[in-house]
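S.K.: Please read through the structure below; I'll follow up with questions.
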Amino acid sequence: MRNLIRINDYSKDEVYEIFKIAEEVKNGKYTDFLKGKSIVMFFPGSSIRTRVTYEKGIYLLGGQSVLFPSDTLDKKENIKDVVGYLNNWADCIIVRHSNIELIEKMARSSAVPIINAMTSVNHPCEILTDLYSLSKLREDYLNAKYLFVGAKGNIGMAWKEASDLFGFELTQSCPVGYEINGVNVEHNLREAIIGKDIVLTDPINKDILKDFVNHQITKSLMDTANPSALLNPCPPFYRGEEVSADVIDSHYFVGYEFKKHLLEVQQAIIIYSLNN
């Protein structure tokens, strides 16, 4: 079995294999791959995209999803004992929980693959899907210059994991005090965006929104990036906060079609984890 906790737990070849499986899934391979298998999932009520695509993906592969709220794991019972019982019935466990240490503890006790569907420090499924989607738009996506605009958080740190693994150039733009350790930072957004190919954003916590007043991506700012630049805001995004309404309505926004690949990439992650 193979867990997915962090992107850089994988090798590049392993990620490419997941991408290859995603292509095969789209072409009709792996029908009934999960027939007779049960995937136990822990998701908060607020999750939409990741949960919908995992549940649908399991269904399309012929499997059964058994869903619990994430806070089911926040109880007195030792997590080792929770997983010990699930080992009897689950074929894979998918967890969305803020605490990555909890997911790591589950992985140490699990006889089946554990997939991290998001924590407070990373979001591997989302970023692997974004890279797969980028590979469909441009062959040189790993030679592109990436700009992350936002505070240190799970999306920015997951992009750092991807940058560490693949070696692409990643810069962060943010006010002083919100930097990601180990990432090149340019505090002046107008300077930072010049020459960039892929612009990434993350929602800004309302408590720090005032600090990011000069870090909103607008169409006029995107016009100063490279001519073929793409804007990939992490959903949920908020018009008038980290992005302007006009940039979302522009050709820079890769949008909803870009995220549709969550379905086959997450199916591929399950398949790869169970096959390895």
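Please note that chains go A, B, ... in the order of the structure tokens, that every chain numbers its residues from 1, and that ligands are numbered from 1 in the order shown.
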Quick check for you: according to DSSP on this backbone, which residues of segment 100-223 of chain A are classed as alpha helix (DSSP H)? Reply as a VMD selection string.
M.R.: chain A and resid 100 to 109 124 to 137 154 to 166 189 to 192 219 to 222
S.K.: What would the file look like if the residues just selected were written as an mmCIF file, in the first residue's frame with C-alpha atoms?
M.R.:
```
data_model
loop_
_atom_site.group_PDB
_atom_site.id
_atom_site.type_symbol
_atom_site.label_atom_id
_atom_site.label_comp_id
_atom_site.auth_asym_id
_atom_site.auth_seq_id
_atom_site.Cartn_x
_atom_site.Cartn_y
_atom_site.Cartn_z
ATOM 1 C CA ILE A 100 -1.653 16.467 10.142
ATOM 2 C CA GLU A 101 -0.099 14.770 13.173
ATOM 3 C CA LEU A 102 -3.388 12.918 13.695
ATOM 4 C CA ILE A 103 -3.284 11.668 10.096
ATOM 5 C CA GLU A 104 0.336 10.606 10.533
ATOM 6 C CA LYS A 105 -0.623 8.650 13.669
ATOM 7 C CA MET A 106 -3.423 6.963 11.729
ATOM 8 C CA ALA A 107 -0.962 5.987 9.006
ATOM 9 C CA ARG A 108 1.387 4.360 11.526
ATOM 10 C CA SER A 109 -1.429 2.109 12.769
ATOM 11 C CA PRO A 124 -1.786 17.434 -1.521
ATOM 12 C CA CYS A 125 -4.791 16.270 -3.567
ATOM 13 C CA GLU A 126 -5.609 19.835 -4.642
ATOM 14 C CA ILE A 127 -2.080 20.735 -5.694
ATOM 15 C CA LEU A 128 -1.450 17.423 -7.502
ATOM 16 C CA THR A 129 -4.649 18.066 -9.460
ATOM 17 C CA ASP A 130 -3.542 21.615 -10.277
ATOM 18 C CA LEU A 131 -0.228 20.326 -11.620
ATOM 19 C CA TYR A 132 -2.012 17.686 -13.695
ATOM 20 C CA SER A 133 -4.372 20.354 -15.062
ATOM 21 C CA LEU A 134 -1.424 22.619 -15.895
ATOM 22 C CA SER A 135 0.240 19.743 -17.748
ATOM 23 C CA LYS A 136 -2.810 19.664 -20.020
ATOM 24 C CA LEU A 137 -2.457 23.359 -20.838
ATOM 25 C CA ASN A 154 -2.003 24.980 3.789
ATOM 26 C CA ILE A 155 -2.177 26.022 0.122
ATOM 27 C CA GLY A 156 1.065 27.975 0.073
ATOM 28 C CA MET A 157 2.912 25.276 2.010
ATOM 29 C CA ALA A 158 1.552 22.565 -0.287
ATOM 30 C CA TRP A 159 2.865 24.521 -3.283
ATOM 31 C CA LYS A 160 6.222 24.628 -1.509
ATOM 32 C CA GLU A 161 6.086 20.822 -1.164
ATOM 33 C CA ALA A 162 5.463 20.595 -4.917
ATOM 34 C CA SER A 163 8.252 23.058 -5.666
ATOM 35 C CA ASP A 164 10.661 21.070 -3.505
ATOM 36 C CA LEU A 165 9.748 17.874 -5.358
ATOM 37 C CA PHE A 166 9.676 19.144 -8.943
ATOM 38 C CA LEU A 189 3.161 42.559 -5.455
ATOM 39 C CA ARG A 190 3.583 44.883 -8.437
ATOM 40 C CA GLU A 191 7.242 43.885 -8.611
ATOM 41 C CA ALA A 192 6.621 40.235 -7.825
ATOM 42 C CA LYS A 219 -6.790 42.242 -14.282
ATOM 43 C CA SER A 220 -4.479 45.235 -14.615
ATOM 44 C CA LEU A 221 -1.899 43.453 -12.467
ATOM 45 C CA MET A 222 -2.211 40.249 -14.509
#
```
S.K.: Excluding segment 144-151 of chain A and any residue of its chain fewer than 2 positions from it, enumerate the residues within 10 Å of it, using only C-alpha atoms, and give them as a PyMOL selection string.
M.R.: chain A and resi 138-142+153-157+159-160+163+168-180+183-187+189+192-205+208+212+215-217+226+229-233+242
S.K.: Please report the interatomic distance between atom CA of Tyr59 of chain A and atom CA of Asp13 of chain A in Å with one decimal.
M.R.: 27.6 Å
S.K.: Would you list the contacts of Ser47 of chain A as a list in words, taking every protein, DNA or RNA residue within 12 Å and counting only C-alpha atoms, but skipping same-chain residues closer than 3 positions in sequence?
M.R.: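 Residues meeting the cut-off are Met41, Phe42, Phe43, Pro44, Thr50, Arg51, Val52, Thr53, Tyr54, Glu55, Pro69, Ser70, Val95, Arg96, His97, Ala117, Met118, Pro235 and Pro236 of chain A.
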S.K.: Among segment 65-161 of chain A, which ones does DSSP assign to strand (DSSP E or B) (computed from the backbone)? Answer as a ChimeraX atom specification.
M.R.: /A:65-68,92-96,114-118,145-149
S.K.: Given the choices A:Phe253, A:Ala225, A:Ser38, A:Arg2, which gets closest to Ala90 of chain A if the distance is worked out from only C-alpha atoms?
M.R.: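 Of all the options, A:Ser38 lies closest to Ala90 of chain A.
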